[in-house]
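Read through the structure below, which is laid out as structure tokens, and then see the notes.
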Number of protein chains: 4
Amino acid sequence: MSLNGRFAVEAIGPCLRVSPMLRQGNVKYVEDSRRLLIDPYFRTSDQAAYTADAANSFELAGPRHKIYFDPTRLRAGIVTCGGLAPGLNAVVRGIVMQLWYLYGCQSILGIRYGYHGLGPDGERPIPLTPDGVNRIRSEGGTCLGSSRGSPSTETLVDSLIRHRIQVLFTIGGDGTMRGASAIWQEARRRKLKLAIIGVPKTIDNDIPFVFKTFGFDTAVEEAAQAINRVRVEAEGVPYGIGLVKLMGRNAGFIAMAATLASGQANFCLIPEVSFGLEGPGGLFDLVEQRLHHRRHAVIVVAEGAGQELFETAGREEDASGNRKLGDIGLFLKDQLLARFASGPLPVTLKYIDPSYLIRAAPPIPADQRYCDRMARNAVHAAMAGKSGMMLGMWHGCMTHVPMLALNGESRSANPNGETWFNVRENTGQPHVIGSPVCELPAPASV
Amino acid sequence: MSLNGRFAVEAIGPCLRVSPMLRQGNVKYVEDSRRLLIDPYFRTSDQAAYTADAANSFELAGPRHKIYFDPTRLRAGIVTCGGLAPGLNAVVRGIVMQLWYLYGCQSILGIRYGYHGLGPDGERPIPLTPDGVNRIRSEGGTCLGSSRGSPSTETLVDSLIRHRIQVLFTIGGDGTMRGASAIWQEARRRKLKLAIIGVPKTIDNDIPFVFKTFGFDTAVEEAAQAINRVRVEAEGVPYGIGLVKLMGRNAGFIAMAATLASGQANFCLIPEVSFGLEGPGGLFDLVEQRLHHRRHAVIVVAEGAGQELFETAGREEDASGNRKLGDIGLFLKDQLLARFASGPLPVTLKYIDPSYLIRAAPPIPADQRYCDRMARNAVHAAMAGKSGMMLGMWHGCMTHVPMLALNGESRSANPNGETWFNVRENTGQPHVIGSPVCELPAPASV
Amino acid sequence: MSLNGRFAVEAIGPCLRVSPMLRQGNVKYVEDSRRLLIDPYFRTSDQAAYTADAANSFELAGPRHKIYFDPTRLRAGIVTCGGLAPGLNAVVRGIVMQLWYLYGCQSILGIRYGYHGLGPDGERPIPLTPDGVNRIRSEGGTCLGSSRGSPSTETLVDSLIRHRIQVLFTIGGDGTMRGASAIWQEARRRKLKLAIIGVPKTIDNDIPFVFKTFGFDTAVEEAAQAINRVRVEAEGVPYGIGLVKLMGRNAGFIAMAATLASGQANFCLIPEVSFGLEGPGGLFDLVEQRLHHRRHAVIVVAEGAGQELFETAGREEDASGNRKLGDIGLFLKDQLLARFASGPLPVTLKYIDPSYLIRAAPPIPADQRYCDRMARNAVHAAMAGKSGMMLGMWHGCMTHVPMLALNGESRSANPNGETWFNVRENTGQPHVIGSPVCELPAPASV
Amino acid sequence: MSLNGRFAVEAIGPCLRVSPMLRQGNVKYVEDSRRLLIDPYFRTSDQAAYTADAANSFELAGPRHKIYFDPTRLRAGIVTCGGLAPGLNAVVRGIVMQLWYLYGCQSILGIRYGYHGLGPDGERPIPLTPDGVNRIRSEGGTCLGSSRGSPSTETLVDSLIRHRIQVLFTIGGDGTMRGASAIWQEARRRKLKLAIIGVPKTIDNDIPFVFKTFGFDTAVEEAAQAINRVRVEAEGVPYGIGLVKLMGRNAGFIAMAATLASGQANFCLIPEVSFGLEGPGGLFDLVEQRLHHRRHAVIVVAEGAGQELFETAGREEDASGNRKLGDIGLFLKDQLLARFASGPLPVTLKYIDPSYLIRAAPPIPADQRYCDRMARNAVHAAMAGKSGMMLGMWHGCMTHVPMLALNGESRSANPNGETWFNVRENTGQPHVIGSPVCELPAPASV
């Protein structure tokens with residue numbers, strides 16, 4: 001039976017080979033027909049009857065009984081794109097280990113420095129083996145190198161053909177998935193049997209249908225440490241303000257989670273909830289009150305917060321197609337200093353922007369486990385000939401999500417949801433800071 | 001509308017007061033009628049129609065619009081029971097903060113050293129305030145002290161009455177929940193308005209309907225470190241065997257997750273999968289093969305594994321009512337040494353039992369966040385007059401689970417499930433070690 | 001016998017009381033006449049005869065058999081000044097514990113926010129007790145608060161009299177010691193019996209006669225981590241440059257030690273060795289060569305390095321009397337980007353300035369031990385009526401150093417010494433980078 | 001001029017070649033005639049005149065202007081012996097890097113599994129290169145493997161000849177140094193030009209003339225953590241006793257330093273100070289008093305402490321020639337449980353023996369720096385043709401110490417010294433615990 005609908009996963013052909021994993025014994029195979037309800041909430045008063053179809057459910061990830069490829073004659077490629085996130089190396093290692101030992105695929109190429117490694121000036125790919133990747137799982141960064149931007153889709157497909165790569169694992173964010181989706185469509189147009197499997201990576205945690213991206217817990221741990229230290233600095237002087245800028249272009253997930261993990265922030269500012277600086281109840285006023293009562297204040301700001309305070313921000317784009325943001329960290333630093341320079345309180349402000357220290361951190365063990373799990377499921381999907389899809393994580397389950405379903409959207413926090421409410425409980429900040437508040441729409445809830 | 005069924009949560013009376021949280025603005029209240037499907041998996045070929053009722057769904061946790069108690073006139077108590085787990089202090093802190101600042105309840109007693117603090121020789125409870133608990137969230141252990149065992153239920157209820165405690169938060173494992181359930185039933189029998197809210201704590205992660213107990217990620221991080229170090233020791237000598245005993249009386253969750261996080265174990269032995277020592281394909285044989293090929297071997301064993309190898313184990317019980325186990329770590333150590341003493345390989349064995357180092361560890365930030373979330377939801381439940389229930393965690397959501405639903409069961413790993421399969425992928429161990437294999441039944445899947 | 005010379009320590013009166021530590025039994029008292037040779041190196045061909053006097057030796061720290069003060073009738077004060085350094089709280093705790101339990105002095109005041117706490121607008125000092133400070137030894141920052149600058153010496157002495165403080169422990173850097181020395185001289189002028197004991201604190205490690213200041217090992221550990229992470233970032237992109245600015249206004253100790261600890265830097269730039277940017281053998285040229293050969297480069301720069309590249313730097317001073325430096329980190333970042341913008345290499349530069357993350361870090365255990373030892377010896381010195389002196393650390397021994405001996409000098413690294421040579425071994429950088437080289441004088445050797 | 005006396009270092013021939021390091025520029029060479037006074041303490045009343053000779057001073061380590069070997073034609077070997085200590089890999093890496101890059105010696109063999117790698121059944125040595133060792137500096141354990149015991153000296157020398165090894169770096173403890181000394185004497189007897197350079201390694205920190213062995217700070221950090229966690233466990237139950245056994249066969253350095261670093265122990269028991277269990281003022285009595293007053297007690301015991309409590313201990317030896325000790329940890333655990341089983345206090349005892357977790361730990365950055373420094377100086381010594389010596393560390397300086405000077409002695413703590421006094425200050429324990437006290441002699445002071 002074939003499914004239609006937004007969440008129907010495509011495949012490049014029928015699965016006719018028995019999986020070589022059979023020799024492992026006792027494998028719990030997953031069938032394509034088994035799916036996970038996207039929205040498992042009910043109201044007892046409802047008389048709703050649910051039947052899962054590809055519009056309201058996800059295909060489950062996992063090993064298939066029959067697979068499409070002959071792993072022993074297959075060449076796989078792995079590419080890492082965009083900014084660093086903790087766990088990239090663990091994903092690369094997991095994919096190599098799974099291909100090599102579980103499926104017997106021993107021709108694996110590591111593409112250098114992102115999609116550019118498939119371009120005209122790209123460095124030669126490196127063969128990947130278990131010995132080569134065995135020790136990297138706990139290291140930060142990516143052994144393949146990464147980059148932003150990409151050659152044209154045609155060039156990428158030509159290059160994959162030249163390298164005889166039939167399965168490409170692309171580890172990256174929404175831009176990378178758009179590129180991967182284009183590759184898949186071009187390959188299909190050319191009638192190529194090319195399996196394109198995405199592993200979602202974004203330190204901002206803003207990819208739809210992925211409840212938590214790998215590296216997030218590590219990033220939050222590092223970010224919480226930065227908050228704790230800026231609090232130490234703020235308490236160490238009279239009327240000290242500690243200000244930390246954290247990652248989060250469209251979504252405040254890291255800022256919120258780090259605020260909760262640290263328990264030391266007094267204000268958490270995120271892209272999803274706009275705020276005002278001036279007037280009663282504005283940020284300046286609230287910080288001044290806090291300084292009066294407690295002698296110090298700690299402010300956490302996501303990099304995408306308060307963009308409405310800039311006149312010209314958001315008009316330009318970088319090589320990955322992301323709009324350029326105004327630097328809200330330096331902006332707040334300057335504005336706060338200017339504001340208190342004239343006031344009665346002898347304020348000292350300590351500003352920390354720990355960005356690269358967080359991005360390059362080694363993954364904590366929980367993230368290493370998560371990366372390993374995602375990598376192994378990515379290989380299962382590829383072997384079954386799935387394509388144009390990425391791994392998802394929904395309600396604790398690994399799923400298959402068509403790249404087209406992303407639809408250019410990004411996930412952000414729900415300003416009416418539990419997490420934001422917990423942040424407000426934790427910081428004691430009011431729901432509304434300053435005015436006027438023009439709340440941004442929230443595409444998906446936390 | 002009232003619900004019946006295994007997962008229907010009881011309350012001590014109607015909620016007639018408007019929650020004082022209203023003054024926070026923009027609170028997303030949760031209604032009792034909104035529930036979470038326990039099993040959100042479908043088969044596309046099924047024509048099943050689901051309507052949630054209390055037999056197949058959980059009540060969702062969260063703030064209620066109307067509450068039962070008047071928080072300003074309420075006295076709450078908190079008790080921690082059983083062995084230590086990372087995050088106990090963070091839960092205590094979260095409950096105090098939530099009661100004090102969100103609901104305005106400022107009469108909170110900390111019961112000393114578990115249920116014994118409510119007994120005839122119990123130490124006087126200590127008043128808990130935000131200042132007193134502010135800094136403990138990142139500390140290991142429990143500021144209240146803990147203990148195993150309990151005075152009689154009647155004594156406990158008498159004591160709660162004497163202390164004028166109307167809400168009791170009990171943080172503990174299945175034994176603690178049984179005790180709490182008995183308190184709730186005795187209170188109901190006496191027509192007392194007593195809200196008993198459980199926060200599930202078990203370092204073994206084996207409580208039903210709780211996908212992951214707090215402290216688990218911390219425990220796994222520490223356990224994985226122990227595995228890594230014993231691997232260093234095993235590699236540091238010729239024919240070195242590293243053996244680590246980890247927690248897990250009935251369930252191998254910590255052993256499995258630490259094996260996955262470490263990636264350094266060659267054998268993982270858990271209570272759910274029995275194994276044999278002797279003969280071809282037995283543990284001795286496999287270890288010897290490994291030593292021949294790689295010169296070292298690392299074995300992880302959960303404390304409850306291999307109990308069928310002891311003749312007399314499991315007959316006695318400790319003060320918490322847990323059956324006493326044979327010490328599989330020392331047993332394997334002795335057996336392996338004896339076995340190789342006569343053989344040609346000059347084996348050196350290094351044994352680590354890191355138990356208390358793990359139990360007393362400070363919680364990692366991800367666990368701190370989790371504890372905070374659980375604590376805050378426990379307070380919401382109590383304020384709404386729920387009783388005889390504990391917090392659950394299912395498919396990423398916080399839920400209310402009647403204590404009676406636990407039914408004396410414990411959760412264990414599914415030997416046919418994804419996690420155990422991943423462990424076997426990771427270690428390279430066969431599905432069956434030795435014979436005969438008498439597989440234990442698996443009450444719940446991973 | 002009384003000593004003269006640069007390193008003769010002054011006291012406020014004769015020691016006539018038997019130390020209450022006698023009741024501890026088996027105390028190894030130190031006599032004032034026992035001293036440590038400053039320069040213990042000999043040449044076998046020399047016929048030199050050494051007799052220690054106060055010009056070539058230090059008085060040893062430690063408990064004295066007879067003391068000056070009656071501890072039970074004494075009030076002590078503790079003040080922390082200047083920027084944060086890891087271990088401040090451990091020093092405060094150690095002083096309190098030693099005063100309270102070993103000597104029986106139970107009247108101890110914590111001065112708030114540096115010397116300003118003794119000024120006209122100063123906050124009221126806080127009584128310090130063992131219970132209050134027991135848990136702070138492993139925390140970053142200072143529980144007393146700190147600040148830069150100071151009221152007038154007269155005001156400080158008046159305030160000490162008003163608070164009836166007879167012993168003042170001043171924890172701070174060279175500016176703080178100058179202030180403490182002025183207090184001591186003013187007190188002597190007024191014939192006050194005031195013991196002023198300094199505990200040297202500087203994250204730059206540049207105080208003369210202190211081989212290693214507390215917090216240094218912690219700072220190096222954090223700094224090395226920053227280098228490792230910027231290396232991960234630099235390796236993660238093609239032609240990546242990682243640039244880290246570390247503390248070190250006059251001395252490159254942190255930059256050098258972190259370079260050695262990390263082993264990942266290719267260039268280490270310190271104040272003691274000037275360098276040039278342009279021309280063959282200049283920094284630009286060397287970085288370009290490195291990028292050609294290895295695709296990435298890591299540069300560590302101390303904040304005081306390369307000041308000769310700024311025209312106007314060093315003319316202004318901050319509140320502590322330190323000259324304001326040009327920001328060599330941002331300068332190098334801009335210069336490198338400008339240089340490679342026009343060149344053929346598509347360079348990406350990642351810049352980290354981890355300053356506050358390092359200063360506010362919790363002390364590692366080795367530093368906690370060191371702080372404890374320094375604090376306890378500071379109390380011994382105070383009880384013996386020493387004044388106008390600070391604790392020193394020389395060849396592994398704790399010593400007494402007259403504040404006047406500092407003479408406004410600071411310690412810096414010897415560009416001909418072992419450490420700098422090891423750094424060059426480690427990075428592979430040449431002795432001379434660019435030209436002309438105008439080497440700064442090195443007041444003291446490493 | 002040639003020197004005689006206990007601390008005169010021997011060499012295998014004259015240094016006639018100019019060091020290739022000259023090309024590095026600006027190297028600060030060290031001359032053999034420059035020495036460090038062993039005892040730099042003076043009494044001002046003394047009229048002593050000091051001239052350094054080989055009886056009262058150490059030769060200084062460092063690069064020599066002229067060297068003995070032609071590095072480009074040299075083969076070097078590295079061997080690691082005995083138990084693990086943090087930093088072994090960093091030493092191996094430092095030696096390889098220094099040989100390869102600074103001196104141009106590119107023929108380096110790693111001996112497998114200690115001296116046994118030079119025996120008849122020894123595994124083939126592995127060639128060591130910068131690429132191979134680059135990443136191991138922060139890893140625990142030893143990439144070469146280690147072992148206890150040794151083939152005969154003749155066999156070792158034959159094997160070195162067969163492998164054409166002219167320089168052997170032996171990293172190990174006192175037994176290893178005795179072996180190395182025997183090799184050196186056998187080589188000299190055979191008129192071989194064999195440079196034997198020792199790098200002292202002992203986690204117990206008990207090698208004479210080495211103020212602190214590498215790995216010690218790491219071990220103390222880990223040990224302090226174990227103390228902190230057992231304190232958490234002890235506080236977590238009523239009348240909890242936490243007991244930690246730490247390394248230290250003949251010397252209590254780790255136990256003392258960890259006690260100071262942790263600040264959480266109430267009793268510290270070391271080999272240098274005997275103690276009694278029974279009677280007033282005995283350990284049982286003091287623990288009971290502590291439990292009465294504070295409800296918990298923490299005991300730290302070095303493995304060599306209290307050996308006089310065993311009747312038969314110390315008669316047997318292990319493969320390294322160390323006498324076998326009675327297990328004081330288990331002994332105290334059993335004795336304490338037996339004692340309190342009959343008493344009124346319901347004591348719970350938590351026992352931790354973290355041995356391997358400490359030995360296999362990765363070195364902290366401060367130890368990495370130290371290892372690097374020691375390794376580089378070992379290579380300088382070897383190139384200058386020194387032999388039969390090990391690196392020493394005295395008053396902050398690296399020195400050359402003839403292996404014969406060790407004389408079978410080991411270093412232990414001075415029970416009248418500053419460190420032990422600080423421990424007693426810190427724990428509050430009396431100088432004498434129980435009776436009779438038969439204090440062991442202290443060969444060297446702390």
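Ordering of the structure tokens sets the chain letters (A, B, ...), residue numbers begin anew at 1 in every chain, and ligands are numbered from 1 in the order given.
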Output the contact residues of chain C with respect to chain B at a cut-off of 12 Å, based on only C-alpha atoms, as a PDB file with C-alpha atoms, in the first residue's frame.
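Saved file result-v8.pdb follows:
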ATOM      1  CA  ARG C 135      30.390  25.951  51.403  1.00  0.00           C
ATOM      2  CA  ILE C 136      31.959  28.723  49.329  1.00  0.00           C
ATOM      3  CA  SER C 138      34.615  25.762  45.479  1.00  0.00           C
ATOM      4  CA  GLU C 139      32.618  28.727  44.160  1.00  0.00           C
TER       5      GLU C 139
END
*Just the strand (DSSP E or B) stuff from region 364-420 of chain C, please, per backbone DSSP, written as a VMD selection string.*
chain C and resid 386 to 387 389 to 394 397 to 402
Take the selection from the previous step and output its residues with C-alpha atoms, as a CSV table (one decimal), in the first residue's frame.
chain,number,residue,atom,x,y,z
C,386,LYS,CA,53.4,41.2,61.3
C,387,SER,CA,52.2,44.2,59.2
C,389,MET,CA,53.6,42.5,54.3
C,390,MET,CA,52.0,40.1,51.9
C,391,LEU,CA,52.3,36.3,51.5
C,392,GLY,CA,54.9,35.2,49.0
C,393,MET,CA,55.6,31.8,47.3
C,394,TRP,CA,59.1,31.1,46.4
C,397,CYS,CA,57.8,27.7,50.2
C,398,MET,CA,55.4,30.2,51.7
C,399,THR,CA,57.2,33.4,52.7
C,400,HIS,CA,56.6,36.9,54.1
C,401,VAL,CA,57.3,39.7,51.7
C,402,PRO,CA,57.3,43.4,52.8
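Take CA of Pro362 (chain A) and CA of Val301 (chain B): the distance between them is 27.1 Å.
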*asked:* Between D:Leu60, D:Ala297, D:Ala55, D:Cys105, which residue has the minimum interatomic distance to Glu418 (chain C), considering only C-alpha atoms?
replied: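 Under the stated criterion, the closest residue is D:Leu60.
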_DSSP helix (DSSP H, G or I) residues within region 103-268 of chain C, as a PyMOL selection string_ = chain C and resi 103+114-118+130-133+153-162+174-189+216-235+253-262
So that I can see what lies close to Leu286 (chain C), please list as a PDB file with N, CA and C atoms, in the first residue's frame the residues with an atom at most 12 Å from it, counting only C-alpha atoms and leaving out residues fewer than 4 positions away in the same chain.
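Output contents, as saved in around-v4.pdb:
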ATOM      1  N   ASN C 266      49.495  27.659  17.323  1.00  0.00           N
ATOM      2  CA  ASN C 266      50.614  27.774  16.392  1.00  0.00           C
ATOM      3  C   ASN C 266      51.399  29.049  16.590  1.00  0.00           C
ATOM      4  N   PHE C 267      50.760  30.024  17.237  1.00  0.00           N
ATOM      5  CA  PHE C 267      51.434  31.278  17.545  1.00  0.00           C
ATOM      6  C   PHE C 267      50.995  31.738  18.926  1.00  0.00           C
ATOM      7  N   PHE C 275      56.454  41.944  18.272  1.00  0.00           N
ATOM      8  CA  PHE C 275      56.378  41.246  16.981  1.00  0.00           C
ATOM      9  C   PHE C 275      55.905  42.229  15.918  1.00  0.00           C
ATOM     10  N   GLY C 276      56.184  41.874  14.671  1.00  0.00           N
ATOM     11  CA  GLY C 276      55.744  42.695  13.555  1.00  0.00           C
ATOM     12  C   GLY C 276      54.757  41.935  12.684  1.00  0.00           C
ATOM     13  N   LEU C 277      53.892  42.682  12.027  1.00  0.00           N
ATOM     14  CA  LEU C 277      52.856  42.057  11.217  1.00  0.00           C
ATOM     15  C   LEU C 277      53.302  41.842   9.778  1.00  0.00           C
ATOM     16  N   GLU C 278      53.996  42.838   9.221  1.00  0.00           N
ATOM     17  CA  GLU C 278      54.221  42.863   7.772  1.00  0.00           C
ATOM     18  C   GLU C 278      55.568  42.247   7.401  1.00  0.00           C
ATOM     19  N   GLY C 279      55.731  42.046   6.118  1.00  0.00           N
ATOM     20  CA  GLY C 279      57.017  41.630   5.573  1.00  0.00           C
ATOM     21  C   GLY C 279      57.290  40.154   5.773  1.00  0.00           C
ATOM     22  N   PRO C 280      58.364  39.677   5.124  1.00  0.00           N
ATOM     23  CA  PRO C 280      58.724  38.263   5.275  1.00  0.00           C
ATOM     24  C   PRO C 280      59.073  37.958   6.726  1.00  0.00           C
ATOM     25  N   GLY C 281      58.557  36.862   7.231  1.00  0.00           N
ATOM     26  CA  GLY C 281      58.801  36.519   8.623  1.00  0.00           C
ATOM     27  C   GLY C 281      57.904  37.260   9.584  1.00  0.00           C
ATOM     28  N   GLY C 282      57.054  38.135   9.061  1.00  0.00           N
ATOM     29  CA  GLY C 282      56.078  38.808   9.916  1.00  0.00           C
ATOM     30  C   GLY C 282      54.889  37.899  10.184  1.00  0.00           C
ATOM     31  N   ARG C 290      51.369  28.884   7.217  1.00  0.00           N
ATOM     32  CA  ARG C 290      50.684  27.838   7.983  1.00  0.00           C
ATOM     33  C   ARG C 290      49.383  27.418   7.288  1.00  0.00           C
ATOM     34  N   LEU C 291      48.611  28.400   6.838  1.00  0.00           N
ATOM     35  CA  LEU C 291      47.344  28.085   6.174  1.00  0.00           C
ATOM     36  C   LEU C 291      47.586  27.284   4.899  1.00  0.00           C
ATOM     37  N   HIS C 292      48.629  27.639   4.182  1.00  0.00           N
ATOM     38  CA  HIS C 292      48.946  26.887   2.974  1.00  0.00           C
ATOM     39  C   HIS C 292      49.246  25.434   3.299  1.00  0.00           C
ATOM     40  N   HIS C 293      50.033  25.229   4.349  1.00  0.00           N
ATOM     41  CA  HIS C 293      50.476  23.865   4.638  1.00  0.00           C
ATOM     42  C   HIS C 293      49.442  23.047   5.397  1.00  0.00           C
ATOM     43  N   ARG C 294      48.711  23.672   6.305  1.00  0.00           N
ATOM     44  CA  ARG C 294      47.864  22.884   7.195  1.00  0.00           C
ATOM     45  C   ARG C 294      46.394  23.287   7.182  1.00  0.00           C
ATOM     46  N   HIS C 296      44.730  25.431   8.530  1.00  0.00           N
ATOM     47  CA  HIS C 296      44.175  26.198   9.637  1.00  0.00           C
ATOM     48  C   HIS C 296      45.317  26.706  10.510  1.00  0.00           C
ATOM     49  N   ALA C 297      45.017  27.724  11.312  1.00  0.00           N
ATOM     50  CA  ALA C 297      46.040  28.302  12.195  1.00  0.00           C
ATOM     51  C   ALA C 297      45.372  28.784  13.463  1.00  0.00           C
ATOM     52  N   VAL C 298      46.068  28.608  14.576  1.00  0.00           N
ATOM     53  CA  VAL C 298      45.538  29.047  15.867  1.00  0.00           C
ATOM     54  C   VAL C 298      46.511  30.046  16.497  1.00  0.00           C
ATOM     55  N   ILE C 299      45.998  31.197  16.858  1.00  0.00           N
ATOM     56  CA  ILE C 299      46.814  32.276  17.419  1.00  0.00           C
ATOM     57  C   ILE C 299      46.317  32.599  18.828  1.00  0.00           C
ATOM     58  N   LEU C 336      43.923  40.920  10.331  1.00  0.00           N
ATOM     59  CA  LEU C 336      44.022  39.642   9.614  1.00  0.00           C
ATOM     60  C   LEU C 336      42.931  39.534   8.553  1.00  0.00           C
ATOM     61  N   GLY C 428      56.179  25.826  17.503  1.00  0.00           N
ATOM     62  CA  GLY C 428      57.006  25.825  16.306  1.00  0.00           C
ATOM     63  C   GLY C 428      57.244  27.220  15.746  1.00  0.00           C
ATOM     64  N   GLN C 429      56.845  28.234  16.502  1.00  0.00           N
ATOM     65  CA  GLN C 429      57.030  29.601  16.000  1.00  0.00           C
ATOM     66  C   GLN C 429      58.498  30.017  16.168  1.00  0.00           C
ATOM     67  N   PRO C 430      59.003  30.902  15.298  1.00  0.00           N
ATOM     68  CA  PRO C 430      60.392  31.357  15.432  1.00  0.00           C
ATOM     69  C   PRO C 430      60.545  32.300  16.616  1.00  0.00           C
ATOM     70  N   VAL C 432      61.802  35.194  16.540  1.00  0.00           N
ATOM     71  CA  VAL C 432      61.468  36.554  16.130  1.00  0.00           C
ATOM     72  C   VAL C 432      60.371  36.508  15.083  1.00  0.00           C
ATOM     73  N   ILE C 433      59.282  37.221  15.347  1.00  0.00           N
ATOM     74  CA  ILE C 433      58.208  37.340  14.365  1.00  0.00           C
ATOM     75  C   ILE C 433      58.197  38.764  13.863  1.00  0.00           C
ATOM     76  N   GLY C 434      58.567  38.960  12.594  1.00  0.00           N
ATOM     77  CA  GLY C 434      58.563  40.289  12.002  1.00  0.00           C
ATOM     78  C   GLY C 434      59.711  41.124  12.521  1.00  0.00           C
TER      79      GLY C 434
END
*Between A:Met247, A:Ala258, A:Leu404, A:Ala182, single out the one closest to Gly329 (chain A), counting only C-alpha atoms.*
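Closest candidate: A:Met247.
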_Which residues are near region 87-90 of chain A? Cut-off 7 Å, only C-alpha atoms, ignore same chain within fewer than 6 positions. Put them as an MDAnalysis selection string._
chainID A and resid 136:143 214:215 362:363 367:368 371:372
*Quick one: everything within 6 Å of region 146-153 of chain B, counting only C-alpha atoms, minus sequence neighbours fewer than 3 positions away in the same chain. Send it as a list of chain:residue names.*
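Contacts, in chain order: B:Thr80, B:Cys81, B:Gly82, B:Tyr113, B:Gly114, B:Tyr115, B:His116, B:Gly119, B:Leu156, B:Ile183, B:Ala319, B:Ser320, D:Gly236, D:Val237.
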*Select, from A:Tyr41, A:Phe58, A:Tyr370, A:Tyr68, the residue with the minimum atom-to-atom distance to Pro86 (chain A), counting only C-alpha atoms.*
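Smallest distance to Pro86 (chain A) is found for A:Tyr370.
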_Residues within 6 Å of region 170-176 of chain B, only C-alpha atoms, excluding chain neighbours under 6 positions, as a count of residues only_ = 8
